[in-house]
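**Student:** PDB, C-alpha atoms, saved as entry.pdb, coming up:
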```
MODEL        1
ATOM      1  CA  MET A  28      31.725  30.259  67.063
ATOM      2  CA  LYS A  29      30.495  32.430  69.926
ATOM      3  CA  TYR A  30      27.694  34.939  69.434
ATOM      4  CA  PHE A  31      27.760  38.271  71.225
ATOM      5  CA  VAL A  32      24.313  39.781  70.949
ATOM      6  CA  ILE A  33      23.450  43.368  71.755
ATOM      7  CA  THR A  34      19.793  44.215  72.103
ATOM      8  CA  ASP A  35      17.668  47.085  73.329
ATOM      9  CA  SER A  36      14.939  44.823  74.680
ATOM     10  CA  THR A  37      14.803  42.585  77.737
ATOM     11  CA  ASP A  38      12.257  40.353  75.956
ATOM     12  CA  THR A  39      14.726  39.664  73.159
ATOM     13  CA  GLN A  40      17.440  38.898  75.708
ATOM     14  CA  VAL A  41      15.214  36.267  77.345
ATOM     15  CA  GLY A  42      14.454  34.695  73.945
ATOM     16  CA  LEU A  43      18.148  34.591  73.075
ATOM     17  CA  ARG A  44      19.006  32.881  76.343
ATOM     18  CA  LEU A  45      16.376  30.250  75.564
ATOM     19  CA  ALA A  46      18.104  29.795  72.205
ATOM     20  CA  GLY A  47      21.431  29.250  73.973
ATOM     21  CA  ILE A  48      22.903  32.612  72.949
ATOM     22  CA  GLU A  49      24.250  35.112  75.449
ATOM     23  CA  GLY A  50      22.603  38.510  75.141
ATOM     24  CA  VAL A  51      23.455  41.876  76.624
ATOM     25  CA  VAL A  52      20.868  44.626  77.061
ATOM     26  CA  VAL A  53      22.376  47.917  75.910
ATOM     27  CA  ARG A  54      20.190  50.987  75.607
ATOM     28  CA  GLU A  55      22.918  53.508  74.728
ATOM     29  CA  GLU A  56      24.364  53.512  71.227
ATOM     30  CA  ALA A  57      27.879  54.512  72.404
ATOM     31  CA  LEU A  58      28.087  51.461  74.682
ATOM     32  CA  ALA A  59      26.876  49.222  71.866
ATOM     33  CA  ARG A  60      29.588  50.524  69.517
ATOM     34  CA  ALA A  61      32.283  50.010  72.161
ATOM     35  CA  ALA A  62      31.127  46.427  72.734
ATOM     36  CA  ILE A  63      31.154  45.724  68.988
ATOM     37  CA  GLN A  64      34.701  47.066  68.639
ATOM     38  CA  THR A  65      35.890  44.954  71.577
ATOM     39  CA  ALA A  66      34.271  41.778  70.220
ATOM     40  CA  ALA A  67      35.427  42.435  66.637
ATOM     41  CA  ALA A  68      39.053  41.882  67.686
ATOM     42  CA  ASP A  69      38.328  38.148  68.206
ATOM     43  CA  PRO A  70      37.607  36.226  64.931
ATOM     44  CA  ASP A  71      35.733  33.494  66.843
ATOM     45  CA  ILE A  72      33.028  35.908  67.993
ATOM     46  CA  ALA A  73      30.104  36.927  65.759
ATOM     47  CA  VAL A  74      28.427  40.179  66.742
ATOM     48  CA  LEU A  75      24.712  40.607  66.143
ATOM     49  CA  LEU A  76      23.013  43.910  66.836
ATOM     50  CA  ILE A  77      19.359  43.027  67.349
ATOM     51  CA  THR A  78      16.565  45.582  67.386
ATOM     52  CA  GLU A  79      13.414  43.497  67.143
ATOM     53  CA  LYS A  80      13.819  42.684  63.436
ATOM     54  CA  LEU A  81      13.150  39.081  62.443
ATOM     55  CA  ALA A  82      15.972  36.557  62.258
ATOM     56  CA  ALA A  83      15.073  32.854  62.208
ATOM     57  CA  LEU A  84      16.928  29.683  61.269
ATOM     58  CA  CYS A  85      15.378  26.756  59.374
ATOM     59  CA  PHE A  86      16.958  23.695  60.991
ATOM     60  CA  LYS A  87      14.851  20.890  59.473
ATOM     61  CA  THR A  88      12.659  20.306  56.429
ATOM     62  CA  ILE A  89      10.069  17.549  56.044
ATOM     63  CA  ALA A  90       8.005  16.632  52.986
ATOM     64  CA  ASP A  91       4.628  15.615  54.426
ATOM     65  CA  PRO A  92       2.281  13.835  51.983
ATOM     66  CA  PHE A  93      -0.793  15.706  53.312
ATOM     67  CA  VAL A  94       0.526  19.157  54.277
ATOM     68  CA  GLY A  95       3.391  19.499  51.800
ATOM     69  CA  ARG A  96       6.764  20.941  52.735
ATOM     70  CA  MET A  97       7.150  21.718  56.433
ATOM     71  CA  SER A  98      10.065  23.934  57.530
ATOM     72  CA  PHE A  99      11.007  23.800  61.213
ATOM     73  CA  VAL A 100      12.377  27.190  62.297
ATOM     74  CA  LYS A 101      13.794  28.674  65.466
ATOM     75  CA  VAL A 102      13.253  32.403  65.865
ATOM     76  CA  ILE A 103      16.457  34.089  67.045
ATOM     77  CA  SER A 104      15.053  37.614  67.240
ATOM     78  CA  GLY A 105      11.862  39.450  66.462
ATOM     79  CA  ARG A 106       8.454  37.982  65.756
ATOM     80  CA  LEU A 107       7.113  35.783  62.942
ATOM     81  CA  THR A 108       3.417  35.944  62.002
ATOM     82  CA  PRO A 109       1.305  34.401  59.210
ATOM     83  CA  GLY A 110       1.106  36.599  56.127
ATOM     84  CA  MET A 111       4.501  38.174  56.832
ATOM     85  CA  THR A 112       6.995  38.497  53.957
ATOM     86  CA  VAL A 113      10.452  37.134  54.796
ATOM     87  CA  VAL A 114      13.735  37.104  52.890
ATOM     88  CA  ASP A 115      15.946  34.032  52.612
ATOM     89  CA  GLY A 116      19.429  35.089  53.774
ATOM     90  CA  ARG A 117      21.123  32.537  51.478
ATOM     91  CA  THR A 118      19.358  33.308  48.188
ATOM     92  CA  GLY A 119      17.831  36.744  48.791
ATOM     93  CA  ALA A 120      14.451  35.425  47.608
ATOM     94  CA  SER A 121      11.273  36.713  49.249
ATOM     95  CA  GLU A 122       8.529  34.390  50.444
ATOM     96  CA  LYS A 123       5.228  34.951  52.162
ATOM     97  CA  VAL A 124       4.660  32.984  55.361
ATOM     98  CA  GLY A 125       1.459  30.972  55.232
ATOM     99  CA  LYS A 126       0.399  28.871  58.154
ATOM    100  CA  ILE A 127       2.469  28.629  61.366
ATOM    101  CA  VAL A 128       2.068  25.414  63.321
ATOM    102  CA  GLY A 129       3.303  24.223  66.700
ATOM    103  CA  MET A 130       4.184  20.516  66.844
ATOM    104  CA  VAL A 131       3.720  18.292  69.877
ATOM    105  CA  GLY A 132       4.529  14.793  68.664
ATOM    106  CA  ALA A 133       2.333  14.245  65.605
ATOM    107  CA  ARG A 134      -0.302  16.750  66.814
ATOM    108  CA  GLN A 135      -0.317  20.135  65.082
ATOM    109  CA  THR A 136      -1.605  23.338  66.671
ATOM    110  CA  ASP A 137      -2.147  26.545  64.683
ATOM    111  CA  LEU A 138      -0.192  29.510  66.073
ATOM    112  CA  SER A 139      -0.833  33.225  65.589
ATOM    113  CA  GLU A 140       2.866  34.081  66.017
ATOM    114  CA  ILE A 141       6.212  32.782  67.231
ATOM    115  CA  THR A 142       8.702  35.060  68.976
ATOM    116  CA  ALA A 143      12.393  34.987  69.891
ATOM    117  CA  GLY A 144      13.363  31.620  71.350
ATOM    118  CA  ASP A 145      10.308  29.783  69.975
ATOM    119  CA  ILE A 146      10.319  26.869  67.553
ATOM    120  CA  GLY A 147       7.538  26.542  64.998
ATOM    121  CA  VAL A 148       6.735  24.947  61.667
ATOM    122  CA  LEU A 149       6.094  26.992  58.519
ATOM    123  CA  THR A 150       4.178  25.203  55.803
ATOM    124  CA  LYS A 151       4.611  25.404  52.034
ATOM    125  CA  LEU A 152       7.761  27.530  51.798
ATOM    126  CA  ASP A 153       9.094  26.400  48.414
ATOM    127  CA  LYS A 154      12.480  28.144  48.296
ATOM    128  CA  VAL A 155      13.635  27.655  51.898
ATOM    129  CA  ARG A 156      16.090  24.820  52.594
ATOM    130  CA  THR A 157      17.550  23.402  55.786
ATOM    131  CA  GLY A 158      20.148  25.812  57.187
ATOM    132  CA  ASP A 159      18.650  28.962  55.623
ATOM    133  CA  ALA A 160      18.127  32.166  57.589
ATOM    134  CA  LEU A 161      14.727  33.867  57.324
ATOM    135  CA  CYS A 162      14.977  37.608  57.841
ATOM    136  CA  ASP A 163      13.047  40.839  57.843
ATOM    137  CA  PRO A 164      13.403  42.524  54.404
ATOM    138  CA  ALA A 165      14.785  45.635  56.169
ATOM    139  CA  ARG A 166      17.646  43.655  57.784
ATOM    140  CA  VAL A 167      18.951  40.610  55.924
ATOM    141  CA  VAL A 168      21.411  38.564  57.991
ATOM    142  CA  LYS A 169      23.284  35.324  57.452
ATOM    143  CA  LEU A 170      23.190  32.960  60.405
ATOM    144  CA  GLU A 171      25.541  30.047  60.844
ATOM    145  CA  GLY A 172      23.509  27.098  59.583
ATOM    146  CA  VAL A 173      23.462  23.495  60.662
ATOM    147  CA  THR A 174      26.691  21.594  59.964
ATOM    148  CA  PHE A 175      25.982  18.104  58.671
ATOM    149  CA  PRO A 176      28.462  15.234  58.604
ATOM    150  CA  ARG A 177      29.745  13.906  55.309
ATOM    151  CA  PRO A 178      28.145  10.659  54.130
ATOM    152  CA  CYS A 179      30.185   7.584  55.027
ATOM    153  CA  LEU A 180      28.088   4.837  53.436
ATOM    154  CA  SER A 181      27.295   4.314  49.786
ATOM    155  CA  MET A 182      25.035   1.858  48.025
ATOM    156  CA  ALA A 183      23.444   1.264  44.654
ATOM    157  CA  VAL A 184      19.680   1.565  44.265
ATOM    158  CA  THR A 185      17.906  -0.076  41.350
ATOM    159  CA  PRO A 186      14.196  -0.195  40.555
ATOM    160  CA  ALA A 187      12.312  -3.479  41.026
ATOM    161  CA  LYS A 188      10.734  -3.207  37.561
ATOM    162  CA  LYS A 189      12.092  -1.803  34.352
ATOM    163  CA  GLY A 190      10.708   1.669  33.580
ATOM    164  CA  GLU A 191      10.387   2.797  37.229
ATOM    165  CA  GLU A 192      13.644   4.758  37.239
ATOM    166  CA  GLU A 193      11.793   8.080  37.449
ATOM    167  CA  LYS A 194       9.829   6.951  40.525
ATOM    168  CA  VAL A 195      13.024   5.882  42.283
ATOM    169  CA  ALA A 196      14.775   9.142  41.369
ATOM    170  CA  SER A 197      11.775  11.169  42.550
ATOM    171  CA  GLY A 198      11.766   9.341  45.898
ATOM    172  CA  LEU A 199      15.494   9.891  46.357
ATOM    173  CA  LEU A 200      15.160  13.606  45.574
ATOM    174  CA  ARG A 201      12.412  13.899  48.211
ATOM    175  CA  LEU A 202      14.688  12.163  50.729
ATOM    176  CA  MET A 203      17.500  14.589  49.847
ATOM    177  CA  GLU A 204      15.212  17.546  50.671
ATOM    178  CA  GLU A 205      14.601  16.135  54.138
ATOM    179  CA  ASP A 206      18.112  14.870  54.866
ATOM    180  CA  PRO A 207      21.013  16.963  53.484
ATOM    181  CA  THR A 208      23.497  14.152  54.236
ATOM    182  CA  ILE A 209      22.047  12.011  51.429
ATOM    183  CA  ASN A 210      23.653  12.384  48.013
ATOM    184  CA  PHE A 211      22.276  11.002  44.762
ATOM    185  CA  TYR A 212      24.411  10.289  41.708
ATOM    186  CA  THR A 213      23.434   8.740  38.356
TER     187      THR A 213
ENDMDL
END
```
Please, can you express the file's structure as structure tokens?
**Tutor:**
Amino acid sequence: MKYFVITDSTDTQVGLRLAGIEGVVVREEALARAAIQTAAADPDIAVLLITEKLAALCFKTIADPFVGRMSFVKVISGRLTPGMTVVDGRTGASEKVGKIVGMVGARQTDLSEITAGDIGVLTKLDKVRTGDALCDPARVVKLEGVTFPRPCLSMAVTPAKKGEEEKVASGLLRLMEEDPTINFYT
């Protein structure tokens, strides 16, 4: 799928190019409408009209034993700051952004904001899953999420001691949160 992005800001265009998406700066509404009509004729092109509203994609989730759930996000447009309320494009649920962290290896650095093209980690978002779009409440969008391969290996897992079935199931559920390619059946 190709993305044709129309924006009224050069800053957003730079961020989109960093994200690997072609952007076109259009300041006149008539030109923007003409471009949308031209691109709409091709079903392989998704048109996004971006005007500095937040759109971010959660591409990885980790369950850290000390921090809790960590959601890695890439901001496609707009700006994400701590304390901001975002809407999950998949479920429509609202969540408040807590701490935003930049990761360099295992080292974490607190960030005051992340803007278009940046990657950051949001901590303790309970409802957000890998592949979800985080949006501004005024403009909810659905972004194409991450496509994961189907599992090709299966195995049986049994507890070492009788009565530890719940511990094994809990561990497998935590693994499923981090890796969507893992399936768990009883």
**Student:** Kindly indicate which residue among A:Thr208, A:Pro164, A:Thr150, A:Glu192 lies nearest to Phe93 (chain A), using all atoms listed in the file for the distances.
**Tutor:**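 Nearest candidate to Phe93 (chain A) out of A:Thr208, A:Pro164, A:Thr150, A:Glu192: A:Thr150.
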**Student:** Report, in Å to a single decimal, how far apart CA of Gly172 (chain A) and CA of Leu199 (chain A) are.
**Tutor:**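 Spanning CA of Leu199 (chain A) to CA of Gly172 (chain A) is a straight-line distance of 23.1 Å.
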**Student:** Contacts of Ala196 (chain A) at 12 Å or less, counting all atoms listed in the file, minus same-chain residues fewer than 4 places along, as a PyMOL selection string?
**Tutor:** chain A and resi 184-186+190-192+200-203+210-213
**Student:** Got a sec: who's within 12 Å of region 128-137 of chain A, counting all atoms listed in the file, leaving out chain neighbours fewer than 2 positions off, as a count of residues only?
**Tutor:** 23
**Student:** Show me as a ChimeraX atom specification the residues that reach within 6 Å of (14.8, 32.2, 45.9), counting only C-alpha atoms and using the file's own coordinates.
**Tutor:** /A:118,120,154
